[in-house]
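Engineer: Just dropping this structure here.
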Amino acid sequence: MTYYQEMQLASPAPRAEPGQAASSRIGGSLRSARLRAGWTREALARHSGLSFAGIAQIESGRRQEVRVSSLLALASALGVSVDYLLGITATKLLGHSVLIYSSDAEYVASACPFLRDGLARSECALAVTATRQNGLLREALGDDAMHVEFADSSEWYASSATALSRYRIFMKDRFERGAPWIRIIGEPVWAARSEAEVGEWARYESAINLSFASSPATIVCPYDARSVSDGVLAFGRRTHPEVAEAGNITPSGSYEDPEDFLLRGAQAGW
């Protein structure tokens, strides 16, 4: 190795120019994603619009400063995120709270300002509740109700898999349409659930924190303390990072990491 080559290796990497992103992980991440897709560099060049030489330089590490537009093209072609290519752990965006209410007035006093705040910021708003609660919200919102999307919880929550799928499709669609953020009132159906079904839905509530962790959304899940059991309320506090109750929003002292909660549920059989 020549003195010039040694000096090049010893020199710090140059700072990325505006419109570029720099990371020593880009080359390895790109190559790994390309191989998982079963593509050659030529194939990736065709799908992304970048040149073969440019892709070769990135994968070999000779180019660690890559234009953001190129990163977006590569990520889109390979079906991965830009964060993945840069070696950045996914950022947690999701807000997930349980709203425990004991009267219609408490329900409306918390749910309506939450939805109105979103509308004022041009955010997408969805309310998935029972017919009666939908009626309360529509009446309290007045003309603002026409800007909120409503769905019947008995249909939406037909099964935990159905609910997860519908939320995933809804959020993806509205975000791609241009919504900067998504606000959801989502009230699971607890009435007439067997003990096994209650356990399934508790696991669903916990899994939300993993499934949509990086989604640009805030979800509030109302629990009617007049009709659900103390056990269900306890599950609500354990599966939501925040609790909204009596007009106050506080971190849940009972919240459990979803991976621990799901593992414990599997071991306990609920």
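As shown in the structure tokens, the chain order sets the letters A, B, ...; within each chain, residues go from 1, and ligands are also counted from 1 in the order they appear.
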Neighbours of Ser159 of chain A within 10 Å (only C-alpha atoms; same-chain residues fewer than 6 positions away dropped), as a list in words?

Structural biologist: Ser165, Val189, Glu197, Glu200, Trp201 and Tyr204 of chain A

Engineer: DSSP says strand (DSSP E or B) for which residues of segment 176-253 of chain A? Put them as a PyMOL selection string?

Structural biologist: chain A and resi 182-186+217-224+242-245+248-251

Engineer: What residues in segment 50-237 of chain A get the DSSP label alpha helix (DSSP H)? Please answer as a PyMOL selection string.

Structural biologist: chain A and resi 52-60+68-78+82-86+104-120+131-141+153-156+160-176+195-211+230-237

Engineer: Val108 of chain A: which residues within 8 Å, counting only C-alpha atoms, same-chain residues fewer than 3 positions away excluded, as an MDAnalysis selection string?

Structural biologist: chainID A and resid 104:105 111:112 136:137 140

Engineer: My list of candidates is A:Arg237, A:Arg226, A:Arg34, A:Arg203. Which is closest to Phe261 of chain A when distances are computed with only C-alpha atoms?

Structural biologist: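 Among A:Arg237, A:Arg226, A:Arg34, A:Arg203, it is A:Arg203 that comes nearest to Phe261 of chain A.
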
Engineer: Which of these residues is nearest to Glu205 of chain A, using only C-alpha atoms: A:Val98, A:Ala33, A:Ile249, A:Cys124?

Structural biologist: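 Between A:Val98, A:Ala33, A:Ile249, A:Cys124, the residue approaching Glu205 of chain A most closely is A:Val98.
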
Engineer: Between A:Leu30, A:Asn248, A:Glu65, A:Phe52, which has the minimum distance to Ser81 of chain A (counting only C-alpha atoms)?

Structural biologist: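 Of all the options, A:Leu30 lies closest to Ser81 of chain A.
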
Engineer: Take atom CA of Ser76 of chain A and atom CA of Thr162 of chain A and report the distance between them in Å, one decimal.

Structural biologist: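 Separating atom CA of Ser76 of chain A from atom CA of Thr162 of chain A is a distance of 27.0 Å.
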